[in-house]
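> Dropping in coords02.cif, which is mmCIF, C-alpha atoms and all ligand atoms:
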data_final
loop_
_atom_site.label_atom_id
_atom_site.label_comp_id
_atom_site.auth_asym_id
_atom_site.auth_seq_id
_atom_site.Cartn_x
_atom_site.Cartn_y
_atom_site.Cartn_z
CA MET S 28 28.97 31.61 -1.72
CA PRO S 29 30.26 28.41 -3.21
CA ASN S 30 31.65 26.10 -0.63
CA HIS S 31 33.39 22.85 -1.35
CA GLN S 32 32.05 21.31 1.80
CA GLY S 33 28.58 21.63 0.42
CA SER S 34 27.26 24.45 2.51
CA TYR S 35 25.09 25.29 -0.46
CA VAL S 36 22.11 23.26 0.58
CA PRO S 37 19.27 23.51 -1.83
CA ARG S 38 16.17 22.35 -0.12
CA SER S 39 12.56 22.71 -0.69
CA TYR S 40 11.48 22.06 2.83
CA VAL S 41 12.83 23.25 6.07
CA PRO S 42 13.35 20.71 8.80
CA ARG S 43 10.97 21.51 11.58
CA SER S 44 13.90 21.64 13.93
CA ALA S 45 14.91 24.78 12.10
CA ILE S 46 11.62 26.38 12.92
CA GLY S 47 12.55 26.83 16.53
CA PRO S 48 9.85 27.40 19.02
CA PHE S 49 7.33 28.16 16.33
CA ALA S 50 6.42 24.61 17.08
CA LEU S 51 2.88 24.66 15.91
CA CYS S 52 3.69 26.20 12.62
CA SER S 53 2.82 23.60 10.07
CA ILE S 54 3.02 23.70 6.38
CA SER S 55 -0.49 23.32 5.34
CA SER S 56 -3.94 22.39 5.96
CA ALA S 57 -5.07 20.74 3.02
CA ASN S 58 -5.55 17.11 3.78
CA ARG S 59 -6.78 17.06 5.70
CA ASN S 60 -9.79 18.95 5.87
CA THR S 61 -12.49 17.39 3.94
CA SER S 62 -13.98 20.51 2.50
CA LEU S 63 -11.83 23.56 2.46
CA PRO S 64 -13.98 26.30 1.06
CA ILE S 65 -12.59 28.00 -1.98
CA PRO S 66 -13.19 31.70 -1.36
CA ASN S 67 -15.32 33.27 -4.09
CA VAL S 68 -13.33 36.46 -3.98
CA THR S 69 -10.31 34.77 -5.51
CA SER S 70 -11.95 32.39 -7.91
CA SER S 71 -10.11 33.88 -10.88
CA LYS S 72 -6.74 33.17 -9.27
CA LEU S 73 -7.59 29.60 -8.45
CA ASN S 74 -7.73 28.57 -12.06
CA HIS S 75 -4.80 28.84 -14.34
CA THR S 76 -3.77 27.40 -17.67
CA ARG S 77 -1.52 24.85 -15.92
CA TYR S 78 -3.60 23.96 -12.89
CA ARG S 79 -6.94 24.30 -11.24
CA MET S 80 -8.44 23.64 -7.86
CA ARG S 81 -10.86 20.81 -7.52
CA GLN S 82 -12.24 18.38 -4.97
CA SER S 83 -10.17 15.22 -4.57
CA GLN S 84 -11.67 11.89 -3.57
CA SER S 85 -10.06 11.67 -0.15
CA GLN S 86 -8.08 14.79 0.58
CA GLY S 87 -10.51 17.66 0.29
CA ASN S 88 -9.58 20.28 -2.25
CA GLY S 89 -6.38 19.83 -4.16
CA LEU S 90 -4.43 21.35 -7.00
CA TYR S 91 -4.77 19.49 -10.34
CA SER S 92 -2.84 19.81 -13.57
CA THR S 93 -4.85 20.87 -16.60
CA ILE S 94 -2.11 20.22 -19.16
CA ASP S 95 0.98 18.05 -19.52
CA ILE S 96 3.55 19.56 -17.16
CA LYS S 97 7.11 18.49 -17.87
CA LYS S 98 9.64 17.62 -15.22
CA GLY S 99 11.55 20.67 -14.00
CA LYS S 100 8.89 23.16 -15.14
CA LEU S 101 7.71 25.96 -12.92
CA ILE S 102 4.09 25.21 -12.04
CA LEU S 103 3.29 28.36 -10.14
CA LYS S 104 4.88 31.13 -8.15
CA GLU S 105 3.14 32.98 -5.40
CA SER S 106 3.90 35.68 -2.87
CA PRO S 107 2.49 35.24 0.63
CA PHE S 108 -0.60 37.31 1.36
CA LEU S 109 0.55 37.42 4.96
CA LEU S 110 4.24 37.52 5.82
CA LEU S 111 5.11 37.21 9.49
CA ASN S 112 8.56 37.90 10.84
CA LEU S 113 9.99 35.88 13.66
CA ASP S 114 12.79 37.36 15.69
CA LYS S 115 16.37 37.03 14.50
CA ASP S 116 16.81 33.65 16.18
CA GLY S 117 13.59 32.23 14.81
CA TYR S 118 11.51 32.73 17.95
CA ASN S 119 7.91 33.84 17.96
CA PRO S 120 7.23 37.52 18.44
CA PRO S 121 4.38 38.51 20.80
CA LYS S 122 0.97 37.30 19.63
CA SER S 123 -0.19 40.90 19.39
CA GLN S 124 2.07 41.30 16.38
CA TYR S 125 0.23 38.52 14.56
CA HIS S 126 -3.13 40.00 15.41
CA ARG S 127 -1.99 43.36 14.05
CA ALA S 128 -0.80 41.66 10.86
CA PHE S 129 -4.18 39.99 10.43
CA HIS S 130 -6.10 43.25 10.96
CA ALA S 131 -3.92 44.95 8.37
CA LEU S 132 -5.20 42.52 5.70
CA SER S 133 -7.76 43.73 3.19
CA PRO S 134 -11.30 42.29 3.58
CA LYS S 135 -10.57 40.03 0.59
CA TYR S 136 -7.59 38.42 2.28
CA GLN S 137 -9.29 38.30 5.66
CA ALA S 138 -11.96 36.20 3.94
CA ILE S 139 -9.28 33.92 2.52
CA PHE S 140 -7.68 33.73 5.96
CA TRP S 141 -10.91 32.51 7.56
CA GLY S 142 -11.35 29.98 4.76
CA LEU S 143 -8.20 28.18 5.85
CA HIS S 144 -8.17 25.07 7.94
CA GLN S 145 -7.68 25.29 11.72
CA ARG S 146 -6.13 22.53 13.75
CA ARG S 147 -7.79 22.77 17.16
CA ASP S 148 -5.99 20.11 19.17
CA ASN S 149 -3.08 22.26 20.24
CA GLY S 150 -4.53 24.13 23.19
CA GLU S 151 -4.53 27.49 21.44
CA THR S 152 -7.69 29.46 22.17
CA SER S 153 -7.24 32.25 19.65
CA GLN S 154 -8.71 31.39 16.25
CA THR S 155 -6.38 33.83 14.57
CA MET S 156 -3.38 32.08 16.07
CA ASN S 157 -4.85 28.70 15.19
CA VAL S 158 -5.11 29.61 11.52
CA ILE S 159 -1.57 30.97 11.51
CA ASN S 160 -0.14 28.02 13.40
CA THR S 161 -1.89 25.50 11.20
CA ASN S 162 -1.06 27.03 7.85
CA SER S 163 2.18 28.97 8.04
CA ILE S 164 4.87 27.83 5.66
CA PRO S 165 8.39 28.39 7.01
CA LEU S 166 10.56 30.61 4.83
CA PRO S 167 14.24 29.84 5.35
CA ASP S 168 16.90 32.50 5.16
CA GLU S 169 18.92 31.94 1.99
CA GLY S 170 22.21 32.39 3.76
CA ASP S 171 22.05 30.17 6.82
CA GLY S 172 18.77 28.34 6.32
CA VAL S 173 17.35 29.61 9.61
CA VAL S 174 13.65 30.34 9.47
CA ARG S 175 13.09 33.98 10.43
CA SER S 176 9.73 34.42 8.74
CA VAL S 177 6.69 32.40 7.82
CA GLY S 178 4.02 33.02 5.23
CA LEU S 179 0.42 32.25 4.38
CA PHE S 180 -0.27 31.51 0.72
CA GLU S 181 -3.57 31.33 -1.03
CA MET S 182 -2.73 28.69 -3.63
CA LEU S 183 0.13 26.74 -2.14
CA LEU S 184 -1.88 25.97 0.98
CA ARG S 185 -4.17 23.90 -1.21
CA VAL S 186 -1.45 21.54 -2.41
CA ASN S 187 -1.75 18.17 -0.68
CA HIS S 188 0.98 15.98 0.73
CA CYS S 189 2.37 12.77 -0.75
CA CYS S 190 5.49 10.80 0.27
CA THR S 191 6.36 10.49 -3.43
CA PRO S 192 5.53 14.05 -4.42
CA HIS S 193 5.15 15.28 -7.99
CA ALA S 194 6.47 18.67 -7.07
CA GLY S 195 8.21 20.77 -4.47
CA TRP S 196 8.46 24.44 -3.59
CA TYR S 197 11.43 26.64 -3.02
CA TRP S 198 11.51 30.09 -1.39
CA TYR S 199 12.94 32.89 -3.53
CA GLU S 200 13.66 35.35 -0.79
CA GLU S 201 14.79 38.28 -2.96
CA ASP S 202 11.58 38.05 -5.00
CA THR S 203 9.44 37.34 -1.93
CA GLU S 204 7.85 34.44 -3.69
CA MET S 205 7.58 30.69 -3.38
CA ARG S 206 8.03 28.72 -6.58
CA LEU S 207 6.55 25.31 -7.18
CA TYR S 208 8.53 23.05 -9.53
CA ALA S 209 7.52 19.73 -11.11
CA TYR S 210 9.80 16.89 -10.00
CA THR S 211 8.23 14.48 -12.46
CA ASP S 212 6.26 14.69 -15.66
CA ILE S 213 2.68 15.37 -14.61
CA PRO S 214 -0.07 14.30 -17.04
CA PRO S 215 -3.26 16.35 -17.30
CA ASN S 216 -5.89 15.91 -14.57
CA THR S 217 -3.38 14.65 -12.03
CA GLN S 218 -3.37 15.90 -8.48
CA ILE S 219 -0.15 17.88 -7.91
CA THR S 220 1.42 16.94 -4.59
CA VAL S 221 4.34 18.09 -2.45
CA SER S 222 6.00 16.68 0.63
CA TYR S 223 5.30 18.41 3.93
CA LEU S 224 8.28 16.58 5.40
CA SER S 225 11.88 17.75 5.36
CA ASN S 226 14.24 15.96 2.97
CA ASN S 227 15.63 14.12 5.99
CA ASP S 228 12.25 12.83 7.08
CA LEU S 229 10.93 12.11 3.60
CA ILE S 230 13.52 9.38 2.98
CA LYS S 231 12.71 7.59 6.24
CA PRO S 232 10.71 4.33 6.27
CA SER S 233 6.94 4.45 6.12
CA VAL S 234 6.19 4.14 9.85
CA SER S 235 8.52 7.06 10.67
CA ARG S 236 7.03 9.21 7.94
CA ARG S 237 3.45 8.52 9.00
CA LYS S 238 4.22 9.24 12.63
CA LYS S 239 5.90 12.52 11.75
CA ILE S 240 2.99 13.52 9.53
CA PHE S 241 0.48 12.65 12.23
CA ASP S 242 2.38 14.44 15.00
CA ASP S 243 3.09 17.57 13.00
CA PHE S 244 0.10 17.88 10.74
CA GLY S 245 -2.60 15.84 12.43
CA PHE S 246 -3.50 13.37 9.70
CA ASP S 247 -2.72 9.79 8.78
CA CYS S 248 -0.83 9.64 5.50
CA GLN S 249 -2.46 7.29 3.07
CA CYS S 250 -0.52 8.32 0.03
CA GLU S 251 0.36 5.77 -2.64
CA SER S 252 3.67 4.77 -1.05
CA CYS S 253 2.18 4.51 2.45
CA SER S 254 -0.68 2.37 1.09
CA LEU S 255 1.39 -0.27 -0.70
CA PRO S 256 0.89 -3.95 0.16
CA SER S 257 2.92 -4.88 3.24
CA ASP S 258 5.60 -6.83 1.35
CA SER S 259 6.17 -3.87 -0.98
CA ILE S 260 6.39 -1.52 2.01
CA LEU S 261 8.97 -3.80 3.63
CA ALA S 262 11.08 -3.79 0.48
CA SER S 263 10.72 -0.03 0.14
CA ASP S 264 11.66 0.47 3.81
CA GLU S 265 14.82 -1.59 3.37
CA ARG S 266 15.90 0.58 0.46
CA LEU S 267 15.12 3.74 2.38
CA LYS S 268 16.99 2.59 5.49
CA GLU S 269 20.06 2.18 3.34
CA CYS S 270 19.54 5.66 1.87
CA VAL S 271 19.23 7.12 5.39
CA ARG S 272 22.40 5.32 6.49
CA ILE S 273 24.38 6.58 3.51
CA ARG S 274 23.02 10.10 3.75
CA SER S 275 23.85 10.43 7.43
CA LYS S 276 27.32 8.98 6.85
CA VAL S 277 27.96 11.45 4.01
CA LEU S 278 26.67 14.41 5.97
CA ARG S 279 28.49 13.76 9.20
CA THR S 280 31.87 13.09 7.59
CA SER S 281 34.20 15.51 5.85
CA ILE S 282 34.46 14.86 2.14
CA THR S 283 38.17 14.15 2.55
CA ALA S 284 37.49 11.39 5.05
CA TYR S 285 34.50 10.04 3.15
CA ALA S 286 36.23 9.91 -0.22
CA ARG S 287 39.42 8.31 1.08
CA GLU S 288 38.08 4.84 0.26
CA LYS S 289 37.12 5.88 -3.24
CA ASP S 290 35.58 2.67 -4.51
CA GLN S 291 33.50 2.14 -1.41
CA ALA S 292 32.30 5.75 -1.45
CA LEU S 293 31.30 5.57 -5.11
CA GLN S 294 29.51 2.27 -4.67
CA GLU S 295 27.54 3.62 -1.72
CA LEU S 296 26.59 6.82 -3.50
CA LYS S 297 25.51 4.95 -6.61
CA ARG S 298 23.44 2.54 -4.53
CA SER S 299 21.79 5.51 -2.90
CA ILE S 300 21.05 7.05 -6.31
CA ILE S 301 19.44 3.85 -7.57
CA PHE S 302 17.29 3.52 -4.45
CA LEU S 303 16.28 7.18 -4.30
CA ARG S 304 15.23 7.08 -7.92
CA LYS S 305 13.31 3.87 -7.41
CA GLU S 306 11.60 5.38 -4.37
CA LYS S 307 10.95 8.63 -6.29
CA LYS S 308 12.64 10.83 -3.70
CA PHE S 309 13.84 13.20 -6.38
CA ASN S 310 14.52 16.14 -4.10
CA ALA S 311 17.17 14.15 -2.22
CA LEU S 312 19.14 13.30 -5.35
CA GLY S 313 20.93 16.58 -5.96
CA ARG S 314 23.07 16.31 -2.84
CA ILE S 315 24.12 12.76 -3.71
CA TYR S 316 25.04 13.73 -7.28
CA GLU S 317 27.01 16.61 -5.81
CA LYS S 318 28.90 14.15 -3.59
CA MET S 319 29.69 11.98 -6.61
CA TYR S 320 31.25 15.07 -8.16
CA GLU S 321 33.27 15.78 -5.03
CA VAL S 322 34.58 12.24 -4.73
CA TYR S 323 35.79 12.29 -8.33
CA ALA S 324 37.14 15.84 -7.98
CA ILE S 325 39.09 15.14 -4.81
CA HIS S 326 40.64 12.18 -6.63
CA GLY S 327 41.47 14.38 -9.61
CA ASP S 328 39.31 12.61 -12.22
CA ILE S 329 38.52 15.44 -14.59
CA GLU S 330 36.09 13.75 -16.99
CA LYS S 331 33.95 12.07 -14.33
CA SER S 332 33.91 15.07 -12.06
CA LYS S 333 32.76 17.22 -14.98
CA ARG S 334 29.97 14.78 -15.76
CA TRP S 335 28.70 14.55 -12.20
CA ALA S 336 28.89 18.30 -11.68
CA ARG S 337 26.65 18.71 -14.71
CA ILE S 338 24.28 16.01 -13.51
CA ALA S 339 24.04 17.61 -10.06
CA PHE S 340 23.49 21.05 -11.55
CA HIS S 341 20.70 19.81 -13.82
CA GLN S 342 19.03 18.08 -10.89
CA PHE S 343 19.09 21.26 -8.80
CA LYS S 344 17.77 23.18 -11.79
CA LYS S 345 14.77 20.85 -11.89
CA THR S 346 13.99 21.02 -8.19
CA ILE S 347 14.80 24.62 -7.25
CA GLY S 348 14.82 26.42 -10.58
CA ARG S 349 17.57 27.67 -12.84
CA LYS S 350 18.09 30.96 -11.04
CA LYS S 351 18.92 29.32 -7.71
CA ALA S 352 20.84 26.45 -9.27
CA MET S 353 23.07 29.04 -10.92
CA GLU S 354 24.19 30.11 -7.44
CA SER S 355 25.66 26.67 -6.77
CA PHE S 356 29.43 26.27 -6.62
CA LEU S 357 28.92 23.63 -9.30
CA VAL S 358 28.37 26.30 -11.93
CA ASP S 359 31.84 27.65 -11.36
CA GLN S 360 33.41 24.23 -11.40
CA MET S 361 31.55 22.07 -13.90
CA ASP S 362 33.56 23.31 -16.88
CA ASP S 363 36.82 23.17 -14.99
CA PRO S 364 36.65 20.99 -11.86
CA ARG S 365 40.24 21.95 -11.07
CA ARG S 366 38.68 25.00 -9.43
CA TYR S 367 37.38 22.67 -6.73
CA PRO S 368 39.28 23.72 -3.59
CA LEU S 369 40.34 20.16 -2.78
CA TRP S 370 41.01 19.21 -6.39
CA GLY S 371 43.23 16.12 -6.62
CA GLU S 372 43.95 16.16 -2.90
CA LEU S 373 43.56 12.42 -2.50
CA ALA S 374 45.01 11.61 -5.91
CA LYS S 375 48.37 13.02 -4.79
CA LYS S 376 48.36 10.94 -1.65
CA LYS S 377 47.30 7.89 -3.59
CA LYS S 378 50.10 8.39 -6.11
CA SER S 379 52.76 8.61 -3.45
CA VAL S 380 51.42 5.50 -1.77
CA LYS S 381 51.09 3.76 -5.11
CA ARG S 382 54.62 4.65 -6.14
CA LYS S 383 56.01 2.92 -3.09
CA TYR S 384 53.73 -0.01 -3.77
CA VAL S 385 54.82 -0.19 -7.40
CA GLU S 386 58.47 -0.07 -6.47
CA TYR S 387 57.93 -2.81 -3.96
CA GLN S 388 56.00 -4.89 -6.44
CA TYR S 389 58.60 -4.31 -9.09
CA GLN S 390 61.32 -5.62 -6.86
CA ASP S 391 59.19 -8.44 -5.63
CA ILE S 392 57.17 -9.80 -8.49
CA GLY S 393 58.10 -7.48 -11.27
CA HIS S 394 54.73 -5.97 -12.40
CA GLU S 395 52.17 -3.43 -11.40
CA GLU S 396 48.50 -4.17 -11.07
CA ASP S 397 46.29 -1.43 -12.41
CA ASP S 398 42.74 -1.86 -11.22
CA GLU S 399 41.71 1.71 -11.91
CA ASP S 400 38.02 2.02 -12.83
CA GLU S 401 37.38 -1.67 -12.60
CA ASP S 402 34.60 -1.19 -10.10
CA ASP S 403 33.30 1.80 -11.98
CA TYR S 404 32.74 -0.45 -14.92
CA GLU S 405 30.94 -2.94 -12.75
CA ASP S 406 28.79 -0.21 -11.21
CA HIS S 407 28.11 1.14 -14.64
CA SER S 408 26.34 -2.05 -15.58
CA ARG S 409 24.53 -2.19 -12.24
CA LEU S 410 23.25 1.32 -12.67
CA LYS S 411 21.11 0.14 -15.53
CA TRP S 412 18.49 -0.80 -13.04
CA SER S 413 15.53 -0.07 -15.21
CA LYS S 414 15.18 -0.52 -18.91
CA SER S 415 12.35 1.92 -18.95
CA ARG S 416 14.53 4.67 -17.58
CA GLU S 417 17.64 3.66 -19.49
CA TRP S 418 19.89 5.55 -17.18
CA ASP S 419 23.52 4.87 -16.60
CA GLU S 420 26.46 6.87 -15.47
CA GLN S 421 28.39 6.82 -18.73
CA SER S 422 25.74 8.05 -21.10
CA TRP S 423 23.46 10.11 -18.90
CA ASP S 424 23.93 13.85 -19.22
CA GLY S 425 21.56 14.86 -16.45
CA SER S 426 18.78 15.83 -18.84
CA ASP S 427 16.51 13.09 -17.52
ZN ZN S 501 2.78 8.80 2.78
#
Could the structure of this file be written out as structure tokens, please?

Amino acid sequence: MPNHQGSYVPRSYVPRSAIGPFALCSISSANRNTSLPIPNVTSSKLNHTRYRMRQSQSQGNGLYSTIDIKKGKLILKESPFLLLNLDKDGYNPPKSQYHRAFHALSPKYQAIFWGLHQRRDNGETSQTMNVINTNSIPLPDEGDGVVRSVGLFEMLLRVNHCCTPHAGWYWYEEDTEMRLYAYTDIPPNTQITVSYLSNNDLIKPSVSRRKKIFDDFGFDCQCESCSLPSDSILASDERLKECVRIRSKVLRTSITAYAREKDQALQELKRSIIFLRKEKKFNALGRIYEKMYEVYAIHGDIEKSKRWARIAFHQFKKTIGRKKAMESFLVDQMDDPRRYPLWGELAKKKKSVKRKYVEYQYQDIGHEEDDEDEDDYEDHSRLKWSKSREWDEQSWDGSD
């Protein structure tokens, strides 16, 4: 259901805190292991017109593009070969249930199961449980985001992690399938990567990301953004700290309170957009675009709210697919933002305040200052942060 407070939370990755006591459940193996065997029984499935499995230089097997894959394109979709239900609160069922699920697999999938990586430093003595704990991908409930089931996937488990991922997956619960979307254009013969971290953790500075990766997945991230020269990492960390600060401020405040200081809110959100794009954290952008829409809508700016609703919608379309993006409240409101439940709420208050101000000014100095959009214009020029991207608020239609 659309919700003006942004309860529609598209996300590709579930924060581990949402996993509950399934604490050892980690997203994947791949790195990680230096030589994950590719089971012969499924060799036909491991090669596709868009991708193929091959050995990477440092991360074991990985998924590689075979053709040019454009941003926003579906790379692959896959149903789990083993779907395990947690209880309604996200707690683990008895281990016997997992063993039964494993024994119900066909010999083909049992072979795939034993080909998966096992993390053995967690005190678990059962190999079956080790494989499940190491490789299960959490599958969030579409309604409340709580993880009530986890899955094992043949292909997706081979996709390696990067802190600036090319792609991300999203669980289509009603179709029982995970879909992997390209966040960026991916040239042929490029390793396709995802983030194993939640959106919250992915935008944290390098040290925090590496610690989280090591604690949760047992490997030291040496992706391109974690391997930058130290001065570049420092600069990147500063940008990310600001993104974290803005994100947490936006998320912990009601939109009415946040948008009250309109110019400040817009400047912060635009700064966050510039930094997130520079840092290639594309999956975090949709929520910020959505907030831009809400700030303009709550101030009753019809043209700008329309534009940002469209931009947000197109971003979600690229990261979670058209079908899910169509469920966003933005779809209902981008043609007519006056459907936004808090439409013009702050504009009314501003007008009444302004009227008094104008009257006072009229009596006092005899003219009204109109500074509307002045800062927008300034931000507009600042948003042109990269000639190569040629992106700015006024001309961009979200198709980038
Ligand atoms: Zn990294």
> Compile a residue-level contact table for chain S against ligand ZN 501 (chain S) at a cut-off of 9 Å, reporting for every qualifying residue the shortest atom pair and its distance in Å to one decimal, with all atoms listed in the file counted, rows ordered by chain and ascending number, as a tab-separated table.

residue	atom	partner	partner_atom	distance
S:His188	CA	S:ZN501	ZN	7.7
S:Cys189	CA	S:ZN501	ZN	5.3
S:Cys190	CA	S:ZN501	ZN	4.2
S:Thr191	CA	S:ZN501	ZN	7.4
S:Ser222	CA	S:ZN501	ZN	8.8
S:Leu229	CA	S:ZN501	ZN	8.8
S:Ser233	CA	S:ZN501	ZN	6.9
S:Arg236	CA	S:ZN501	ZN	6.7
S:Arg237	CA	S:ZN501	ZN	6.3
S:Ile240	CA	S:ZN501	ZN	8.2
S:Asp247	CA	S:ZN501	ZN	8.2
S:Cys248	CA	S:ZN501	ZN	4.6
S:Gln249	CA	S:ZN501	ZN	5.5
S:Cys250	CA	S:ZN501	ZN	4.3
S:Glu251	CA	S:ZN501	ZN	6.7
S:Ser252	CA	S:ZN501	ZN	5.6
S:Cys253	CA	S:ZN501	ZN	4.3
S:Ser254	CA	S:ZN501	ZN	7.5
> For a test of reading the model, state the distance in Å between CA of Ala284 (chain S) and CA of Arg272 (chain S), rounded to one decimal.
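Result for CA of Ala284 (chain S) versus CA of Arg272 (chain S): 16.3 Å, one decimal.
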> Do you know which residues are at most 8 Å from Leu207 (chain S) counting all atoms listed in the file, after dropping those on the same chain fewer than 4 positions away, and could you put them as a ChimeraX atom specification?
/S:101-104,194-197
> With all atoms listed in the file as the basis for distance, which of S:Lys115, S:Leu293, S:Met80, S:Asp363 is at the shortest distance from Asp171 (chain S)?
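Smallest distance to Asp171 (chain S) is found for S:Lys115.
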> Near His126 (chain S), within 12 Å and counting only C-alpha atoms, which residues show up once chain neighbours fewer than 2 positions away are dropped, as number ranges by chain?
S: 109, 111, 120-124, 128-132, 137, 153-159
> Calculated over all atoms listed in the file, which of the candidates S:Tyr367, S:Val221, S:Thr211, S:Gly245 has the smallest distance to Arg304 (chain S)?
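For Arg304 (chain S), the nearest of the candidates is S:Thr211.
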> When distances are computed from only C-alpha atoms, which of S:Leu357, S:Ile338, S:Glu265, S:Lys318 shows the smallest separation from Thr280 (chain S)?
S:Lys318
> What gap, in Å, lies between CA of Glu295 (chain S) and CA of Ile273 (chain S)?
6.8 Å
> Between CA of Leu113 (chain S) and CA of Gly89 (chain S), what is the distance in Å, rounded to a tenth?
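These atoms are spaced 29.0 Å apart.
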